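A.B. asks: Sharing a structure below in structure tokens format, with a few things to ask.
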Amino acid sequence: MAEKLKLQEVEVWDGNMAFAQAMRQAQIDVVAAYPITPSTPTVHGYAKFLADGYIDGEFVLVESEHAAMSGCVGAAAAGGRVATATSSQGFALMIEVLYQASGMRLPIVLGLVNRALASPLNVNGDHSDMYLGRDAGWIMIDAFNAQESYDLMLMGFKIAEDLNVRLPVMVNQDGFITSHTAQNVKPLQDEVAYKFIGDYKEVNPLLDFGKPVTYGAQTEEDWHFEFKARQHKALMDSKDTIENVFKEFESLTKRKYNLVESYLMEDAQVAIVALGSTVESAVQAAKNLRESEGIKAGVVATRAIRPFPLKEVARALKDVKAIATLDRSAPGGTLGMIYNEISGAMYQSDNRPIINNYIYGLGGRDMTQKDIKEIFRDIKRNADSGKLVTPLQQFSGLRGPKLSFFN
Amino acid sequence: MLEIRWHSRAGQGAVTGAKGLGDVVANTGKEVQAFAFYGSAKRGAAMTAYNRIDDKPIINHEKYMAPDYVLVIDPALVLSADITAHEKENTKYIVTTHMDKKELIKLVPKLEGKEVYTVDCMTISMETIGRAIPNTPMLGALMKVSGMFELDYFKNAMLKVLAKFPQKIIDANMSAITRAYDEVK
């Protein structure tokens, strides 16, 4: 039997410790991992808990991230609770197997500590890896701080393993800004956390020799399309389960999560839409601007990146006149993902705000209060003018001459 | 909001110091943030670590900081690091050095006219802990200069933070904190 850890009511944990503690409390059967910065302390922390007797399970240190996710696929198909963590290049190497995992409907939980992709080599936080995985058929949820990293990692298991879902879940947090920043975290005690997630429920386990099953069968034009459509439907339908798990968690902890998070939006005329720690920094900037300059600023974020909460996000933005969409990933020759998705959502709504796009924070470039305030002032001008008077796409926090595109 | 920047070399314990301070402060019901710039992450490389302390949840995640306190725990960094970066009018400096304040300011003229305190955390840590880990003595000096906590309360709280170490190390750290508290000028 694994030993229990007595946790304080308030712990000071960084995002990696938050991930590792939640993974410990989930009592995972198999973790297969290949540590990479900045997610290394998640894996290291988990391995230490296991070595110290706090976990009953297997920890498999494999030879690559491709092997790590392959090990997770095997163990999950065998019928166990499975998780791992990675970042950046490691995630890129996992990509092939991510599609296998979701196609086989295996409820693996992946802690993705977001980091830039080379080249040039960079270990710091941006959302390049998160964006790379967004078509892989996984549920993707995003934490904006260490507390949320802990909470969402716990909830990740409950969502993935729900019998109506059975899809892998990726929990994102910002590399270094969240993963290596210690903040107050209120954890659950071990029994309470485990009871919240519940025992693992096996579905078609490979190790049930009395009932042989096949995972990863070949389908060509006869069945492939039906499989993928059904998988998409499961992902779309997972919204209900995600919301139910959020509600159950709220009744346990008083901490409320939503598919779409809205801050200061009751009377907001302008809004920033972003992901990661920038969401909280933008709330701080909005509060200050409301006091100092009377700008009615608000912030909206998609807690669930996949399934994309299209209607919910349009509802959150139904009264604003201008929106800045902030993407922390090099868009590779187009507008940022958030720009495209928010524009798509608003095109289907009655409100047609002016929307522009900012690329920022690549490779860990600091997103300062000053930068965020400038963005709010920019879109205030768009709102006041009733048309786009700023460039459609700009780079915030970039040194050298100002760059703008789609002018 | 109280903001603190540490100047250190990787391996001297600034991150541990910043996190230890965060632990102690969080126990009093305040909200804390502790983080660092790792840079190239080579042992001995100049680095900075940071604390934010507030009564409300800290939601600002920018790395930029105009600090209330600058803690320099390596004696040579006053010469090579930009220790006055983004300073405020009333930023207080606590510098690890064997020199007295006058000698230090003569060597580092940009500290002229600032509120500067000196303490020899290197000698203290060598004589108490037996290694050049100047982080805990610096916390003792910070307690004296800031009046954040009474010495006894702080030492008691640090016992919890240091609990994973052998008793000998804990005792040595306690002596180091007390000496720096008494010796900072």
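Residues are referred to by chain and number: the chain letter is A, B, ... according to the order shown in the structure tokens, the number counts from 1 in that chain, and ligands are numbered separately from 1 in the order shown.
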Report as JSON lines the residues of chain B within 12 Å of chain A, each with its shortest atom pair and distance in Å (one decimal), using only C-alpha atoms, ordered by chain and increasing residue number.

C.D. replies:
```
{"residue": "B:Val15", "atom": "CA", "partner": "A:His180", "partner_atom": "CA", "distance": 10.0}
{"residue": "B:Thr16", "atom": "CA", "partner": "A:Ala182", "partner_atom": "CA", "distance": 10.7}
{"residue": "B:Gly17", "atom": "CA", "partner": "A:Ala182", "partner_atom": "CA", "distance": 12.0}
{"residue": "B:Ala18", "atom": "CA", "partner": "A:Ala182", "partner_atom": "CA", "distance": 9.2}
{"residue": "B:Lys19", "atom": "CA", "partner": "A:Ala182", "partner_atom": "CA", "distance": 6.8}
{"residue": "B:Gly20", "atom": "CA", "partner": "A:Val12", "partner_atom": "CA", "distance": 9.1}
{"residue": "B:Leu21", "atom": "CA", "partner": "A:Val12", "partner_atom": "CA", "distance": 10.1}
{"residue": "B:Gly22", "atom": "CA", "partner": "A:Val12", "partner_atom": "CA", "distance": 6.9}
{"residue": "B:Asp23", "atom": "CA", "partner": "A:Val12", "partner_atom": "CA", "distance": 5.7}
{"residue": "B:Val24", "atom": "CA", "partner": "A:Val12", "partner_atom": "CA", "distance": 9.3}
{"residue": "B:Val25", "atom": "CA", "partner": "A:Val12", "partner_atom": "CA", "distance": 9.6}
{"residue": "B:Ala26", "atom": "CA", "partner": "A:Asn184", "partner_atom": "CA", "distance": 6.7}
{"residue": "B:Asn27", "atom": "CA", "partner": "A:Val10", "partner_atom": "CA", "distance": 7.4}
{"residue": "B:Thr28", "atom": "CA", "partner": "A:Val10", "partner_atom": "CA", "distance": 10.1}
{"residue": "B:Gly29", "atom": "CA", "partner": "A:Val10", "partner_atom": "CA", "distance": 8.6}
{"residue": "B:Lys30", "atom": "CA", "partner": "A:Asn184", "partner_atom": "CA", "distance": 8.7}
{"residue": "B:Glu31", "atom": "CA", "partner": "A:Asn184", "partner_atom": "CA", "distance": 6.2}
{"residue": "B:Val32", "atom": "CA", "partner": "A:Gln183", "partner_atom": "CA", "distance": 5.5}
{"residue": "B:Gln33", "atom": "CA", "partner": "A:Gln183", "partner_atom": "CA", "distance": 4.7}
{"residue": "B:Ala34", "atom": "CA", "partner": "A:Ala182", "partner_atom": "CA", "distance": 5.0}
{"residue": "B:Phe35", "atom": "CA", "partner": "A:Thr181", "partner_atom": "CA", "distance": 4.5}
{"residue": "B:Ala36", "atom": "CA", "partner": "A:Thr181", "partner_atom": "CA", "distance": 7.6}
{"residue": "B:Phe37", "atom": "CA", "partner": "A:Phe176", "partner_atom": "CA", "distance": 8.8}
{"residue": "B:Tyr38", "atom": "CA", "partner": "A:Phe176", "partner_atom": "CA", "distance": 9.3}
{"residue": "B:Gly39", "atom": "CA", "partner": "A:Val123", "partner_atom": "CA", "distance": 9.7}
{"residue": "B:Ser40", "atom": "CA", "partner": "A:Val123", "partner_atom": "CA", "distance": 9.8}
{"residue": "B:Ala41", "atom": "CA", "partner": "A:Val123", "partner_atom": "CA", "distance": 10.8}
{"residue": "B:Ala49", "atom": "CA", "partner": "A:Thr181", "partner_atom": "CA", "distance": 10.2}
{"residue": "B:Tyr50", "atom": "CA", "partner": "A:Thr181", "partner_atom": "CA", "distance": 9.4}
{"residue": "B:Asn51", "atom": "CA", "partner": "A:Ala182", "partner_atom": "CA", "distance": 9.3}
{"residue": "B:Arg52", "atom": "CA", "partner": "A:Gln183", "partner_atom": "CA", "distance": 9.5}
{"residue": "B:Ile53", "atom": "CA", "partner": "A:Gln183", "partner_atom": "CA", "distance": 10.0}
{"residue": "B:Asp54", "atom": "CA", "partner": "A:Asn184", "partner_atom": "CA", "distance": 11.3}
{"residue": "B:Asp55", "atom": "CA", "partner": "A:Asn184", "partner_atom": "CA", "distance": 11.7}
{"residue": "B:Lys56", "atom": "CA", "partner": "A:Asn184", "partner_atom": "CA", "distance": 11.1}
{"residue": "B:Pro57", "atom": "CA", "partner": "A:Asn184", "partner_atom": "CA", "distance": 8.5}
{"residue": "B:Ile58", "atom": "CA", "partner": "A:Gln183", "partner_atom": "CA", "distance": 8.4}
{"residue": "B:Ile59", "atom": "CA", "partner": "A:Glu280", "partner_atom": "CA", "distance": 5.1}
{"residue": "B:Asn60", "atom": "CA", "partner": "A:Ser281", "partner_atom": "CA", "distance": 4.4}
{"residue": "B:His61", "atom": "CA", "partner": "A:Ser281", "partner_atom": "CA", "distance": 5.6}
{"residue": "B:Glu62", "atom": "CA", "partner": "A:Thr368", "partner_atom": "CA", "distance": 5.0}
{"residue": "B:Lys63", "atom": "CA", "partner": "A:Asp366", "partner_atom": "CA", "distance": 6.0}
{"residue": "B:Tyr64", "atom": "CA", "partner": "A:Thr368", "partner_atom": "CA", "distance": 6.5}
{"residue": "B:Met65", "atom": "CA", "partner": "A:Thr368", "partner_atom": "CA", "distance": 9.5}
{"residue": "B:Lys160", "atom": "CA", "partner": "A:Gln8", "partner_atom": "CA", "distance": 11.4}
{"residue": "B:Val161", "atom": "CA", "partner": "A:Val12", "partner_atom": "CA", "distance": 10.6}
```

A.B. asks: Among the residues of region 212-338 of chain A, find those DSSP assigns to strand (DSSP E) from the backbone and print them as a list in words.

C.D. replies: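 Everything in region 212-338 of chain A that counts as strand (DSSP E) is Val260, Glu261, Ser262, Tyr263, Val270, Ala271, Ile272, Val273, Ala297, Gly298, Val299, Val300, Ala301, Thr302, Ala304, Ile305, Arg306, Ala322, Ile323, Ala324, Thr325, Leu326 and Asp327 of chain A.
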
A.B. asks: What lies within 6 Å of region 204-211 of chain A using only C-alpha atoms, ignoring chain neighbours under 4 positions off, as a PyMOL selection string?

C.D. replies: chain A and resi 77-79

A.B. asks: Would you save the residues of that selection, restricted to C-alpha atoms, as a short mmCIF file (atom, residue, chain, number, x, y, z; two decimals), in the first residue's frame?

C.D. replies:
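Done, and the output landed in selection.cif:
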```cif
data_model
loop_
_atom_site.label_atom_id
_atom_site.label_comp_id
_atom_site.auth_asym_id
_atom_site.auth_seq_id
_atom_site.Cartn_x
_atom_site.Cartn_y
_atom_site.Cartn_z
CA ALA A 77 -4.73 -0.44 -23.76
CA ALA A 78 -3.69 -3.12 -21.26
CA GLY A 79 -6.15 -1.53 -18.84
#
```

A.B. asks: Using only C-alpha atoms for the distances, tell me which of B:Ala66, B:Cys121, B:Ala76, B:Val116 is nearest to Asn173 (chain B).

C.D. replies: B:Cys121

A.B. asks: State, in Å with one decimal place, the distance from CA of Ile305 (chain A) to CA of Ala143 (chain A).

C.D. replies: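 Those two atoms sit 10.9 Å apart.
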
A.B. asks: Would you please work out which residue, of B:Met174, B:Thr91, B:Phe149, B:Ala141, is nearest to Leu162 (chain B) when using only C-alpha atoms?

C.D. replies: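 Among the listed residues, the smallest separation from Leu162 (chain B) belongs to B:Met174.
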
A.B. asks: List the spatial neighbours of Ala10 (chain B) as an MDAnalysis selection string - criterion: any atom at most 6 Å away, only C-alpha atoms, same-chain residues fewer than 2 positions off excluded.

C.D. replies: chainID B and resid 12 43:45

A.B. asks: Do you have the CA of Asp350 (chain A)-CA of Glu312 (chain A) distance handy?

C.D. replies: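 Computing the Euclidean distance for CA of Asp350 (chain A) and CA of Glu312 (chain A) yields 13.4 Å.
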
A.B. asks: Show which residues sit within 9 Å of region 161-171 of chain A, as an NGL selection string. Count only C-alpha atoms, and ignore same-chain residues fewer than 5 positions away.

C.D. replies: :A and (81 or 98 or 101-113 or 137-143 or 149 or 152-153 or 156 or 200-203 or 231 or 234-235 or 237-238 or 241)

A.B. asks: Within 12 Å of Asp82 (chain B), counting only C-alpha atoms, which residues qualify if same-chain residues fewer than 3 places away don't, as number ranges by chain?

C.D. replies: B: 5-8, 46-48, 70, 72, 76-79, 85-87, 108, 110-111

A.B. asks: Work out how far CA of Ala316 (chain A) is from CA of Asp267 (chain A), in Å to one decimal.

C.D. replies: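 We find that CA of Asp267 (chain A) and CA of Ala316 (chain A) lie 11.3 Å from each other.
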
A.B. asks: Name all residues at most 7 Å from Ala26 (chain A) (count only C-alpha atoms; drop same-chain ones fewer than 4 positions away) and give them as a list in words.

C.D. replies: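 So the residues in contact are Ala22, Leu154, Tyr194 and Ile197 of chain A.
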
A.B. asks: So which residues of region 22-134 of chain B fall under alpha helix (DSSP H) by DSSP, listed as a VMD selection string?

C.D. replies: chain B and resid 22 to 26 77 to 80 101 to 107 121 to 128
